[in-house]
file upload.cif (mmCIF, C-alpha atoms and all ligand atoms)
data_my_file
#
loop_
_atom_site.label_atom_id
_atom_site.label_comp_id
_atom_site.auth_asym_id
_atom_site.auth_seq_id
_atom_site.Cartn_x
_atom_site.Cartn_y
_atom_site.Cartn_z
CA MET A 1 4.46 -6.96 -24.23
CA SER A 2 4.28 -3.30 -23.47
CA VAL A 3 4.23 -1.03 -20.47
CA ARG A 4 1.25 -1.62 -18.17
CA GLU A 5 0.31 -0.71 -14.65
CA ILE A 6 0.96 -3.76 -12.48
CA ASN A 7 -0.58 -3.93 -9.00
CA PHE A 8 1.57 -5.93 -6.58
CA ASP A 9 -0.50 -6.91 -3.55
CA GLY A 10 1.03 -7.99 -0.27
CA ILE A 11 -0.26 -11.44 0.70
CA VAL A 12 -1.57 -11.18 4.27
CA GLY A 13 0.83 -13.07 6.51
CA PRO A 14 -0.12 -15.87 8.92
CA SER A 15 0.72 -13.70 11.96
CA HIS A 16 -1.90 -11.00 11.16
CA ASN A 17 -3.10 -9.65 14.51
CA TYR A 18 -4.54 -6.60 16.22
CA ALA A 19 -1.96 -5.24 18.65
CA GLY A 20 -2.83 -1.55 18.27
CA LEU A 21 0.68 -0.60 17.24
CA SER A 22 0.08 2.39 14.97
CA LEU A 23 -0.35 5.75 16.72
CA GLY A 24 -2.49 8.04 14.55
CA ASN A 25 -4.14 5.10 12.77
CA LEU A 26 -7.62 5.16 14.32
CA ALA A 27 -8.67 1.69 13.12
CA SER A 28 -5.53 0.08 14.54
CA ALA A 29 -6.06 1.84 17.88
CA SER A 30 -9.75 1.03 18.14
CA ASN A 31 -9.27 -2.67 17.33
CA ALA A 32 -6.32 -3.15 19.71
CA GLY A 33 -6.78 -6.40 21.56
CA ALA A 34 -9.39 -7.84 19.20
CA VAL A 35 -9.11 -11.40 17.91
CA SER A 36 -7.84 -11.45 14.33
CA HIS A 37 -8.61 -13.96 11.56
CA PRO A 38 -5.41 -14.43 9.53
CA ARG A 39 -6.88 -17.09 7.22
CA ALA A 40 -9.93 -15.00 6.36
CA ALA A 41 -7.70 -11.93 6.00
CA ALA A 42 -5.42 -13.60 3.46
CA LEU A 43 -8.36 -15.10 1.55
CA GLN A 44 -10.02 -11.66 1.35
CA GLY A 45 -6.81 -10.22 -0.10
CA LEU A 46 -6.57 -13.05 -2.64
CA GLU A 47 -10.19 -12.48 -3.67
CA LYS A 48 -9.43 -8.82 -4.28
CA MET A 49 -6.54 -9.86 -6.52
CA ARG A 50 -8.76 -12.34 -8.36
CA ASN A 51 -11.32 -9.60 -8.92
CA ASN A 52 -8.66 -7.38 -10.44
CA VAL A 53 -7.41 -10.16 -12.70
CA ARG A 54 -11.00 -10.64 -13.90
CA LEU A 55 -11.21 -6.91 -14.62
CA GLY A 56 -8.30 -7.46 -17.03
CA LEU A 57 -5.60 -5.88 -14.83
CA VAL A 58 -2.07 -7.22 -14.45
CA GLN A 59 -1.60 -8.58 -10.95
CA GLY A 60 1.56 -9.22 -8.92
CA ILE A 61 2.29 -10.38 -5.38
CA PHE A 62 4.72 -9.76 -2.56
CA LEU A 63 5.19 -12.49 -0.03
CA PRO A 64 4.57 -12.12 3.69
CA GLN A 65 7.68 -11.69 5.80
CA TRP A 66 9.30 -14.21 8.10
CA ARG A 67 7.74 -13.72 11.54
CA PRO A 68 8.67 -13.43 14.32
CA ASP A 69 11.58 -11.35 13.04
CA ALA A 70 14.28 -13.08 15.07
CA ALA A 71 17.06 -11.07 13.41
CA TRP A 72 15.49 -7.81 14.58
CA LEU A 73 14.89 -9.19 18.07
CA GLY A 74 18.52 -10.37 18.11
CA SER A 75 19.72 -6.89 17.23
CA LEU A 76 17.80 -5.67 20.28
CA GLY A 77 19.52 -8.33 22.41
CA THR A 78 16.37 -10.33 23.00
CA SER A 79 14.28 -13.17 21.63
CA VAL A 80 10.62 -13.93 21.09
CA SER A 81 10.31 -15.69 24.44
CA ASP A 82 12.14 -12.98 26.44
CA ALA A 83 10.98 -9.78 24.71
CA GLU A 84 8.60 -7.34 26.39
CA PRO A 85 5.04 -7.74 25.02
CA HIS A 86 5.14 -4.61 22.83
CA ILE A 87 8.50 -5.59 21.33
CA ARG A 88 7.26 -9.14 20.72
CA ALA A 89 4.13 -7.77 19.04
CA ALA A 90 6.29 -5.55 16.83
CA ALA A 91 8.38 -8.56 15.82
CA MET A 92 5.22 -10.54 15.00
CA SER A 93 3.37 -7.90 12.98
CA ALA A 94 2.17 -8.83 9.49
CA SER A 95 2.25 -5.15 8.48
CA SER A 96 4.27 -5.77 5.30
CA MET A 97 0.89 -6.76 3.75
CA TRP A 98 0.38 -3.01 3.09
CA ALA A 99 2.50 -2.97 -0.03
CA ALA A 100 1.77 0.70 -0.74
CA ASN A 101 4.35 1.28 1.99
CA ALA A 102 6.95 -1.07 0.50
CA ALA A 103 8.63 1.41 -1.83
CA THR A 104 8.29 4.50 -4.00
CA VAL A 105 8.29 3.77 -7.72
CA SER A 106 9.15 6.04 -10.64
CA PRO A 107 8.51 4.57 -14.09
CA ALA A 108 11.26 4.60 -16.69
CA VAL A 109 9.57 7.29 -18.74
CA ASP A 110 9.99 9.80 -15.87
CA THR A 111 13.66 9.17 -15.07
CA ALA A 112 16.84 10.61 -16.61
CA ASP A 113 18.43 7.20 -17.23
CA GLY A 114 15.34 5.45 -18.62
CA LEU A 115 15.23 2.87 -15.81
CA THR A 116 12.27 2.26 -13.50
CA HIS A 117 13.51 3.26 -10.04
CA LEU A 118 12.29 1.74 -6.79
CA THR A 119 13.38 2.94 -3.33
CA VAL A 120 12.45 0.70 -0.43
CA ALA A 121 10.69 2.67 2.33
CA ASN A 122 12.49 2.89 5.69
CA LEU A 123 9.22 3.13 7.69
CA VAL A 124 11.21 4.47 10.65
CA THR A 125 8.36 6.22 12.45
CA MET A 126 6.61 3.08 13.70
CA PRO A 127 8.82 0.49 15.47
CA HIS A 128 6.80 -2.49 14.17
CA ARG A 129 7.29 -1.30 10.57
CA SER A 130 10.91 -0.12 10.91
CA HIS A 131 12.27 -3.65 10.46
CA GLU A 132 10.30 -4.47 7.31
CA TRP A 133 12.69 -2.97 4.81
CA PRO A 134 15.49 -5.61 4.69
CA GLN A 135 13.07 -8.40 3.71
CA THR A 136 11.16 -6.06 1.39
CA LEU A 137 14.39 -5.03 -0.31
CA ALA A 138 15.32 -8.69 -0.82
CA GLN A 139 12.00 -9.30 -2.62
CA LEU A 140 12.30 -6.17 -4.74
CA GLN A 141 15.79 -7.26 -5.78
CA PHE A 142 14.40 -10.57 -7.04
CA ALA A 143 11.17 -9.28 -8.57
CA PHE A 144 12.93 -6.42 -10.38
CA SER A 145 16.33 -7.99 -11.01
CA ALA A 146 16.44 -7.11 -14.72
CA ARG A 147 19.25 -4.53 -14.73
CA SER A 148 18.27 -3.30 -18.18
CA ALA A 149 14.87 -2.19 -16.84
CA PHE A 150 15.05 -1.50 -13.10
CA ALA A 151 17.19 0.22 -10.45
CA VAL A 152 16.34 -0.90 -6.91
CA HIS A 153 17.63 1.30 -4.08
CA GLY A 154 18.11 0.80 -0.36
CA PRO A 155 16.29 3.02 2.15
CA VAL A 156 16.78 6.72 2.78
CA PRO A 157 18.70 6.93 6.07
CA PRO A 158 16.95 7.78 9.34
CA PRO A 159 15.83 10.01 10.94
CA PHE A 160 13.98 11.04 7.77
CA GLY A 161 10.74 9.07 7.64
CA ASP A 162 9.77 7.52 4.33
CA GLU A 163 6.53 5.54 3.94
CA GLY A 164 6.77 4.86 0.22
CA ALA A 165 4.09 5.05 -2.44
CA ALA A 166 1.31 5.81 0.06
CA ASN A 167 2.58 9.39 -0.09
CA HIS A 168 3.38 9.53 -3.79
CA MET A 169 1.06 10.17 -6.73
CA ARG A 170 1.71 10.26 -10.42
CA LEU A 171 -0.44 12.14 -12.91
CA THR A 172 -0.06 11.72 -16.63
CA ASP A 173 -2.05 11.61 -19.82
CA HIS A 174 -1.73 7.80 -19.88
CA HIS A 175 0.46 5.31 -17.99
CA GLY A 176 3.12 5.08 -20.70
CA ALA A 177 3.55 8.86 -21.04
CA PRO A 178 5.90 11.05 -18.94
CA GLY A 179 4.23 12.00 -15.66
CA ILE A 180 4.16 14.64 -12.98
CA GLU A 181 5.38 13.00 -9.78
CA ILE A 182 3.87 14.37 -6.58
CA PHE A 183 5.43 13.71 -3.20
CA VAL A 184 3.11 14.46 -0.28
CA TYR A 185 4.83 15.06 3.06
CA GLY A 186 3.64 15.99 6.54
CA GLU A 187 4.92 18.52 9.02
CA ALA A 188 2.41 18.43 11.84
CA GLY A 189 -0.59 16.31 12.66
CA GLY A 190 -2.15 17.50 15.90
CA PRO A 191 -1.44 14.73 18.43
CA PHE A 192 -0.16 12.33 15.75
CA PRO A 193 3.22 11.97 14.06
CA ALA A 194 3.78 13.09 10.47
CA ARG A 195 5.25 9.91 9.01
CA GLN A 196 6.53 11.21 5.66
CA HIS A 197 9.29 13.82 5.92
CA ILE A 198 10.09 16.23 3.11
CA GLU A 199 13.81 15.42 3.39
CA ALA A 200 13.05 11.79 2.55
CA SER A 201 10.73 12.73 -0.33
CA LYS A 202 13.38 15.01 -1.83
CA ALA A 203 16.04 12.34 -1.46
CA VAL A 204 13.87 9.79 -3.28
CA ALA A 205 13.17 12.26 -6.11
CA ARG A 206 16.92 12.89 -6.54
CA ILE A 207 17.83 9.19 -6.33
CA HIS A 208 15.19 8.43 -8.98
CA ARG A 209 16.71 11.10 -11.23
CA LEU A 210 13.39 12.86 -11.72
CA ASP A 211 13.14 16.12 -13.62
CA PRO A 212 12.78 18.84 -10.92
CA ALA A 213 10.53 20.81 -13.27
CA ARG A 214 8.03 17.92 -13.29
CA THR A 215 8.21 17.03 -9.59
CA LEU A 216 6.03 18.59 -6.89
CA PHE A 217 6.41 18.45 -3.12
CA VAL A 218 3.03 19.06 -1.53
CA ARG A 219 2.30 19.37 2.17
CA GLN A 220 -0.47 17.26 3.68
CA SER A 221 -2.87 19.30 5.80
CA GLU A 222 -2.43 19.11 9.54
CA ALA A 223 -6.20 18.64 9.85
CA ALA A 224 -6.02 15.48 7.71
CA ILE A 225 -3.26 13.89 9.81
CA ALA A 226 -4.99 14.92 13.04
CA ALA A 227 -8.24 13.34 11.80
CA GLY A 228 -6.45 10.01 11.20
CA ALA A 229 -5.01 10.30 7.67
CA PHE A 230 -1.62 8.90 8.62
CA HIS A 231 -0.81 8.52 4.91
CA ASN A 232 -1.89 10.69 1.98
CA ASP A 233 -3.56 7.68 0.33
CA VAL A 234 -6.25 7.83 3.02
CA VAL A 235 -7.47 11.16 1.59
CA ALA A 236 -6.35 11.18 -2.07
CA VAL A 237 -5.65 8.85 -4.99
CA ALA A 238 -4.48 9.52 -8.55
CA ASN A 239 -4.66 7.56 -11.78
CA GLU A 240 -3.49 8.77 -15.17
CA ARG A 241 -5.07 12.24 -15.64
CA VAL A 242 -7.46 12.01 -12.65
CA LEU A 243 -6.81 13.23 -9.12
CA PHE A 244 -9.53 12.15 -6.68
CA ALA A 245 -9.09 13.96 -3.36
CA HIS A 246 -10.84 15.29 -0.30
CA GLU A 247 -11.10 19.06 -0.08
CA GLN A 248 -9.03 19.09 3.12
CA ALA A 249 -6.27 16.71 2.01
CA PHE A 250 -3.59 19.32 1.28
CA ALA A 251 -2.26 22.31 3.23
CA ASP A 252 -2.26 24.66 0.22
CA LYS A 253 -4.75 23.11 -2.14
CA ASP A 254 -5.15 26.12 -4.42
CA GLY A 255 -1.41 26.55 -4.93
CA PHE A 256 -1.02 22.82 -5.59
CA TYR A 257 -3.90 22.63 -8.09
CA GLU A 258 -2.61 25.71 -9.91
CA ARG A 259 0.89 24.27 -10.36
CA LEU A 260 -0.55 20.92 -11.38
CA ARG A 261 -2.86 22.44 -14.01
CA ALA A 262 0.05 24.43 -15.45
CA LEU A 263 2.18 21.28 -15.75
CA LEU A 264 -0.58 18.95 -16.92
CA PRO A 265 -3.40 20.84 -18.63
CA CYS A 266 -5.41 17.62 -19.19
CA VAL A 267 -5.63 16.92 -15.43
CA GLU A 268 -9.14 16.30 -14.05
CA ILE A 269 -9.51 17.01 -10.34
CA VAL A 270 -12.43 15.23 -8.72
CA GLU A 271 -12.69 16.89 -5.35
CA VAL A 272 -15.04 15.80 -2.59
CA PRO A 273 -16.12 18.85 -0.57
CA ALA A 274 -16.20 18.65 3.22
CA SER A 275 -19.82 19.81 3.04
CA ALA A 276 -20.70 16.55 1.25
CA VAL A 277 -18.37 14.14 3.09
CA SER A 278 -16.62 15.24 6.28
CA LEU A 279 -12.98 14.40 6.82
CA ALA A 280 -14.07 12.07 9.62
CA ASP A 281 -16.46 10.18 7.29
CA ALA A 282 -13.83 10.06 4.55
CA ILE A 283 -11.41 8.39 6.96
CA ARG A 284 -14.02 6.15 8.57
CA SER A 285 -15.21 4.94 5.16
CA TYR A 286 -11.77 4.76 3.49
CA LEU A 287 -13.44 6.19 0.38
CA PHE A 288 -10.12 7.46 -0.95
CA ASN A 289 -8.15 4.36 -0.06
CA ALA A 290 -9.51 2.84 -3.22
CA GLN A 291 -7.71 1.55 -6.25
CA LEU A 292 -8.48 3.96 -9.06
CA VAL A 293 -7.74 1.90 -12.15
CA THR A 294 -8.08 2.17 -15.91
CA LEU A 295 -9.95 -0.83 -17.30
CA PRO A 296 -8.82 -2.38 -20.60
CA GLU A 297 -11.83 -0.80 -22.34
CA GLY A 298 -10.59 2.65 -21.25
CA ASP A 299 -13.03 3.62 -18.47
CA MET A 300 -11.88 4.19 -14.91
CA ALA A 301 -13.16 2.14 -11.99
CA LEU A 302 -12.88 2.68 -8.25
CA VAL A 303 -12.11 -0.54 -6.36
CA LEU A 304 -13.29 0.50 -2.92
CA PRO A 305 -13.99 -1.10 0.46
CA SER A 306 -17.52 -2.52 0.52
CA GLU A 307 -18.29 -0.83 3.84
CA ALA A 308 -17.64 2.63 2.32
CA GLN A 309 -21.15 2.51 0.90
CA ASP A 310 -22.63 1.87 4.36
CA ILE A 311 -21.89 5.48 5.34
CA VAL A 312 -24.80 7.51 4.05
CA PRO A 313 -23.06 10.74 2.90
CA VAL A 314 -20.40 8.65 1.14
CA ARG A 315 -23.00 6.48 -0.60
CA ARG A 316 -24.91 9.56 -1.75
CA TRP A 317 -21.78 11.21 -3.05
CA LEU A 318 -20.69 8.06 -4.92
CA GLU A 319 -24.12 7.61 -6.51
CA ALA A 320 -24.08 11.21 -7.73
CA MET A 321 -20.53 10.84 -9.05
CA VAL A 322 -21.25 7.71 -11.07
CA ALA A 323 -24.46 9.27 -12.46
CA SER A 324 -22.56 12.37 -13.59
CA ASN A 325 -20.48 12.49 -16.70
CA GLY A 326 -17.21 12.35 -14.74
CA PRO A 327 -14.14 10.23 -15.46
CA ILE A 328 -14.87 7.55 -12.81
CA ARG A 329 -17.58 5.35 -14.30
CA ARG A 330 -17.70 2.21 -12.24
CA LEU A 331 -17.63 1.18 -8.56
CA VAL A 332 -16.18 -2.20 -7.62
CA PRO A 333 -16.73 -2.93 -3.90
CA VAL A 334 -14.36 -5.46 -2.30
CA ASP A 335 -14.34 -7.04 1.15
CA VAL A 336 -10.99 -6.54 2.88
CA ARG A 337 -12.44 -6.07 6.37
CA GLN A 338 -9.65 -7.88 8.21
CA SER A 339 -7.08 -5.49 6.77
CA MET A 340 -9.38 -2.49 7.17
CA ALA A 341 -9.58 -3.16 10.90
CA ASN A 342 -5.86 -2.35 11.06
CA GLY A 343 -6.25 0.74 8.86
CA GLY A 344 -5.40 -0.84 5.50
CA GLY A 345 -7.88 -0.53 2.62
CA PRO A 346 -7.69 -1.79 -0.97
CA ALA A 347 -5.09 0.82 -1.98
CA CYS A 348 -2.85 0.15 1.02
CA LEU A 349 -2.59 -3.49 0.02
CA ARG A 350 -0.99 -2.79 -3.34
CA LEU A 351 2.11 -1.23 -4.88
CA ARG A 352 1.74 0.10 -8.41
CA VAL A 353 4.58 -0.42 -10.86
CA VAL A 354 4.26 0.88 -14.41
CA ALA A 355 6.55 -1.44 -16.39
CA ASP A 356 6.61 -4.17 -18.98
CA PRO A 357 5.39 -7.35 -17.20
CA ALA A 358 7.87 -9.32 -19.33
CA ASP A 359 10.71 -7.65 -17.36
CA VAL A 360 9.35 -8.81 -13.97
CA ASP A 361 10.39 -12.12 -12.38
CA PRO A 362 7.35 -14.30 -13.21
CA ARG A 363 7.32 -15.79 -9.71
CA PHE A 364 5.90 -12.45 -8.57
CA LEU A 365 3.07 -12.34 -11.13
CA VAL A 366 -0.21 -14.22 -10.75
CA ASP A 367 -3.14 -15.44 -12.77
CA GLU A 368 -6.29 -17.10 -11.42
CA ALA A 369 -4.79 -20.59 -11.36
CA LYS A 370 -1.84 -19.41 -9.30
CA LEU A 371 -4.18 -17.57 -6.93
CA ASP A 372 -6.08 -20.85 -6.46
CA GLY A 373 -2.86 -22.59 -5.44
CA ILE A 374 -1.99 -19.86 -2.95
CA ALA A 375 -5.54 -19.89 -1.54
CA ASP A 376 -5.29 -23.67 -0.98
CA ILE A 377 -2.15 -23.20 1.10
CA VAL A 378 -3.70 -20.35 3.06
CA ALA A 379 -6.85 -22.37 3.74
CA HIS A 380 -4.80 -25.31 4.97
CA TYR A 381 -2.00 -23.66 6.96
CA TRP A 382 -2.89 -20.11 8.08
CA PRO A 383 -4.15 -19.89 11.68
CA GLU A 384 -7.86 -19.28 11.92
CA THR A 385 -7.63 -16.79 14.80
CA ILE A 386 -5.00 -14.98 16.85
CA ALA A 387 -5.63 -13.12 20.10
CA PRO A 388 -2.83 -10.77 21.20
CA VAL A 389 -2.22 -12.95 24.28
CA ASP A 390 -1.37 -15.87 21.94
CA LEU A 391 1.65 -14.09 20.45
CA HIS A 392 4.16 -15.87 22.68
CA ASP A 393 2.59 -19.33 22.19
CA THR A 394 5.29 -21.60 20.78
CA ARG A 395 2.73 -23.76 18.91
CA LEU A 396 1.31 -20.70 17.21
CA ILE A 397 4.79 -19.52 16.27
CA ALA A 398 5.67 -22.93 14.84
CA ARG A 399 2.49 -22.85 12.78
CA ILE A 400 3.21 -19.35 11.46
CA GLU A 401 6.71 -20.43 10.44
CA GLN A 402 5.42 -23.59 8.75
CA SER A 403 2.80 -21.59 6.83
CA TRP A 404 5.46 -19.23 5.50
CA LEU A 405 7.87 -22.01 4.51
CA THR A 406 5.12 -23.87 2.64
CA LEU A 407 4.04 -20.81 0.65
CA VAL A 408 7.56 -19.72 -0.24
CA ASP A 409 8.42 -23.23 -1.36
CA HIS A 410 5.22 -23.45 -3.42
CA LEU A 411 6.13 -20.24 -5.23
CA GLY A 412 9.63 -21.46 -6.03
CA LEU A 413 11.29 -18.85 -3.84
CA SER A 414 12.65 -20.92 -0.97
CA GLY A 415 16.22 -20.82 -2.28
CA ASP A 416 16.07 -17.04 -2.51
CA LEU A 417 14.04 -15.78 0.43
CA GLY A 418 14.83 -17.20 3.82
CA PRO A 419 14.46 -16.39 7.49
O1 LIG B 1 1.16 1.61 8.92
N1 LIG B 1 -1.35 -0.51 10.13
C1 LIG B 1 -0.69 0.12 9.01
C2 LIG B 1 -1.67 0.44 7.92
C3 LIG B 1 -0.99 0.91 6.69
C4 LIG B 1 -1.93 1.40 5.67
N2 LIG B 1 -1.21 1.77 4.52
C5 LIG B 1 -1.53 2.81 3.70
N3 LIG B 1 -2.34 3.75 4.09
N4 LIG B 1 -0.95 2.88 2.58
C6 LIG B 1 0.06 1.38 9.43
O2 LIG B 1 -0.46 2.12 10.28
C7 LIG B 1 -1.42 -1.67 12.25
C8 LIG B 1 -0.64 -2.73 12.97
C9 LIG B 1 -1.14 -3.04 14.34
O3 LIG B 1 -1.71 -2.18 14.99
O4 LIG B 1 -0.88 -4.17 14.77
C10 LIG B 1 -0.64 -1.10 11.10
O5 LIG B 1 0.56 -1.16 11.06
#

call {"tool": "encode", "arguments": {"input": "upload.cif", "output": "structure tokens", "more": "lines below"}}
Ligand code: SUG
result
Amino acid sequence: MSVREINFDGIVGPSHNYAGLSLGNLASASNAGAVSHPRAAALQGLEKMRNNVRLGLVQGIFLPQWRPDAAWLGSLGTSVSDAEPHIRAAAMSASSMWAANAATVSPAVDTADGLTHLTVANLVTMPHRSHEWPQTLAQLQFAFSARSAFAVHGPVPPPFGDEGAANHMRLTDHHGAPGIEIFVYGEAGGPFPARQHIEASKAVARIHRLDPARTLFVRQSEAAIAAGAFHNDVVAVANERVLFAHEQAFADKDGFYERLRALLPCVEIVEVPASAVSLADAIRSYLFNAQLVTLPEGDMALVLPSEAQDIVPVRRWLEAMVASNGPIRRLVPVDVRQSMANGGGPACLRLRVVADPADVDPRFLVDEAKLDGIADIVAHYWPETIAPVDLHDTRLIARIEQSWLTLVDHLGLSGDLGP
């Protein structure tokens, strides 16, 4: 086989719930206290993966994490029954589903030692996400265990916040060619925290042995963070030679575009002006939190949330874009509403790894038959609903644990991944 882009999607865990834990994430805040549907959420995610397989893309998976995270609660000197409600909710969160925050990935062709480097994200800014990394790292070490192909790194130390690939873009002539790696960091965000710190981005670039002459550090605009773009992938997405971004995504857009054009003359920047789609509508619609993918026949498609087209200025802009002679030729709407209600669109749910699929542990790759098997387990075991008040219910917790054990066993990973 040869180098391909592989999309690894996080399977939505059985504890998926709406506890309103993410300051600056408007969807999470506005759905706080709502009743979630973990089974429907996981099935929606699996359908998205199936869709991508049918498009001819290579699809991978990451497993949900063991919840409640008793080890983390133990390190805080408490337990699921004794913890304060917000700590219990943090220990129960299924937030590892958003695999774009699992790690930052630099393909072999960009690194000095010819290995594909992956650095697990520390996610220190949000308490409920700060304890994801040990279980994520364990999965990365299994999925990418081939030492001849991959180097998997632990997290950048706190206090420097690192949220992984959600703040990283790669532009290149084609996936297998050397790329320009772009790290987007925040400094200020009005009332909201900037979750990606430049110190962390620079550390990841050094650890990945990137060529400084082909690496850019770009500041996210304060207006974007203040409007609810808690990650860059809410206002911009890149694929091969195309950068698709909102006009107000970056603090110094002109300087960034100029440096990018000098480094990659073939780059095509598809910019959505604020006069066509406001920042608020861009964030409400999650237009940019789409998977911009190259189809086997060579055209690019935008796998976007189905509700994006319900917002009139966004629909108009998309219709005009597809009718024009631009690089994005096809729209593929997908229903991931359960994830969207916590601020996670199609792009949040996946981590892109450009690598040879033959080097990846096959337990982390899926085809349609394997997706069917996973969907059967989800349909049978995952809770149908969870209200935040249920989070301490011992029967619910037992069910969540049983769901996880069944899936991990089914995928042949029970000897390797454990609570
Ligand atoms: O970190 N939501 C996630 C959404 C992450 C989206 N990822 C990307 N943009 N790549 C977050 O804010 C909500 C959890 C809650 O409120 O229970 C949450 O964590």

call {"tool": "residues_near_point", "arguments": {"input": "upload.cif", "point": "(-24.9, 12.7, -1.4)", "cutoff": "7 Å", "atoms": "all atoms listed in the file", "output": "list in words"}}
result
Ala276, Pro313, Val314, Arg315, Arg316, Trp317 and Ala320 of chain A

call {"tool": "residues_near_ligand", "arguments": {"input": "upload.cif", "ligand": "ligand LIG 1 (chain B)", "cutoff": "8 Å", "atoms": "all atoms listed in the file", "output": "ChimeraX atom specification"}}
result
/A:16-25,28-29,31-32,89-90,93-95,98-101,126,128-129,165-167,229-234,289,342-345,347-349

call {"tool": "residues_around", "arguments": {"input": "upload.cif", "residues": "Ala224 in chain A", "least_positions_apart": "4", "cutoff": "7 Å", "atoms": "only C-alpha atoms", "output": "list of chain:residue names"}}
result
A:Gly228, A:Ala229, A:Gln248, A:Ala249

call {"tool": "atom_distance", "arguments": {"input": "upload.cif", "atom1": "CA of Ala27 in chain A", "atom2": "CA of Ile283 in chain A"}}
result
9.5 Å

call {"tool": "closest_residue", "arguments": {"input": "upload.cif", "among": "A:Ala355, A:Ala70, A:Ala41, A:Leu396", "to": "Ala83 in chain A", "atoms": "all atoms listed in the file"}}
result
A:Ala70

call {"tool": "closest_residue", "arguments": {"input": "upload.cif", "among": "A:Ile374, A:Leu55, A:Leu405, A:Ala34", "to": "Val12 in chain A", "atoms": "all atoms listed in the file"}}
result
A:Ile374

call {"tool": "atom_distance", "arguments": {"input": "upload.cif", "atom1": "CA of Ser96 in chain A", "atom2": "CA of Thr125 in chain A"}}
result
14.5 Å

call {"tool": "closest_residue", "arguments": {"input": "upload.cif", "among": "A:Arg329, A:His153, A:Arg147, A:Arg170", "to": "Asp359 in chain A", "atoms": "all atoms listed in the file"}}
result
A:Arg147

call {"tool": "closest_residue", "arguments": {"input": "upload.cif", "among": "A:Met169, A:Ala323, A:Val218, A:Val109", "to": "Arg352 in chain A", "atoms": "all atoms listed in the file"}}
result
A:Met169

call {"tool": "atom_distance", "arguments": {"input": "upload.cif", "atom1": "CA of Leu73 in chain A", "atom2": "CA of Met92 in chain A"}}
result
10.2 Å

call {"tool": "closest_residue", "arguments": {"input": "upload.cif", "among": "A:Ser403, A:Asn52, A:Gln220, A:Ser15", "to": "Tyr381 in chain A", "atoms": "only C-alpha atoms"}}
result
A:Ser403

call {"tool": "closest_residue", "arguments": {"input": "upload.cif", "among": "A:Leu295, A:Val3, A:Ala236, A:Ile311", "to": "Arg330 in chain A", "atoms": "only C-alpha atoms"}}
result
A:Leu295

call {"tool": "build_atoms", "arguments": {"input": "upload.cif", "residues": "range 228-240 of chain A", "atoms": "N, CA and C atoms", "output": "short mmCIF file (atom, residue, chain, number, x, y, z; two decimals), in the frame of the given file"}}
result
data_model
loop_
_atom_site.label_atom_id
_atom_site.label_comp_id
_atom_site.auth_asym_id
_atom_site.auth_seq_id
_atom_site.Cartn_x
_atom_site.Cartn_y
_atom_site.Cartn_z
N GLY A 228 -6.75 11.44 11.36
CA GLY A 228 -6.45 10.01 11.20
C GLY A 228 -5.92 9.63 9.83
N ALA A 229 -5.59 10.63 8.99
CA ALA A 229 -5.01 10.30 7.67
C ALA A 229 -3.50 10.20 7.82
N PHE A 230 -3.06 9.06 8.33
CA PHE A 230 -1.62 8.90 8.62
C PHE A 230 -0.80 8.75 7.35
N HIS A 231 -1.46 8.50 6.22
CA HIS A 231 -0.81 8.52 4.91
C HIS A 231 -1.70 9.32 3.96
N ASN A 232 -1.09 9.93 2.95
CA ASN A 232 -1.89 10.69 1.98
C ASN A 232 -2.93 9.81 1.27
N ASP A 233 -2.62 8.53 1.09
CA ASP A 233 -3.56 7.68 0.33
C ASP A 233 -4.84 7.37 1.10
N VAL A 234 -4.98 7.95 2.30
CA VAL A 234 -6.25 7.83 3.02
C VAL A 234 -7.19 8.98 2.61
N VAL A 235 -6.63 10.02 1.98
CA VAL A 235 -7.47 11.16 1.59
C VAL A 235 -7.32 11.56 0.11
N ALA A 236 -6.52 10.83 -0.66
CA ALA A 236 -6.35 11.18 -2.07
C ALA A 236 -5.82 9.97 -2.84
N VAL A 237 -6.20 9.90 -4.11
CA VAL A 237 -5.65 8.85 -4.99
C VAL A 237 -5.62 9.40 -6.42
N ALA A 238 -4.59 9.02 -7.18
CA ALA A 238 -4.48 9.52 -8.55
C ALA A 238 -4.37 8.34 -9.51
N ASN A 239 -4.85 8.55 -10.71
CA ASN A 239 -4.66 7.56 -11.78
C ASN A 239 -4.69 8.29 -13.12
N GLU A 240 -3.62 8.09 -13.89
CA GLU A 240 -3.49 8.77 -15.17
C GLU A 240 -3.83 10.26 -15.01
#
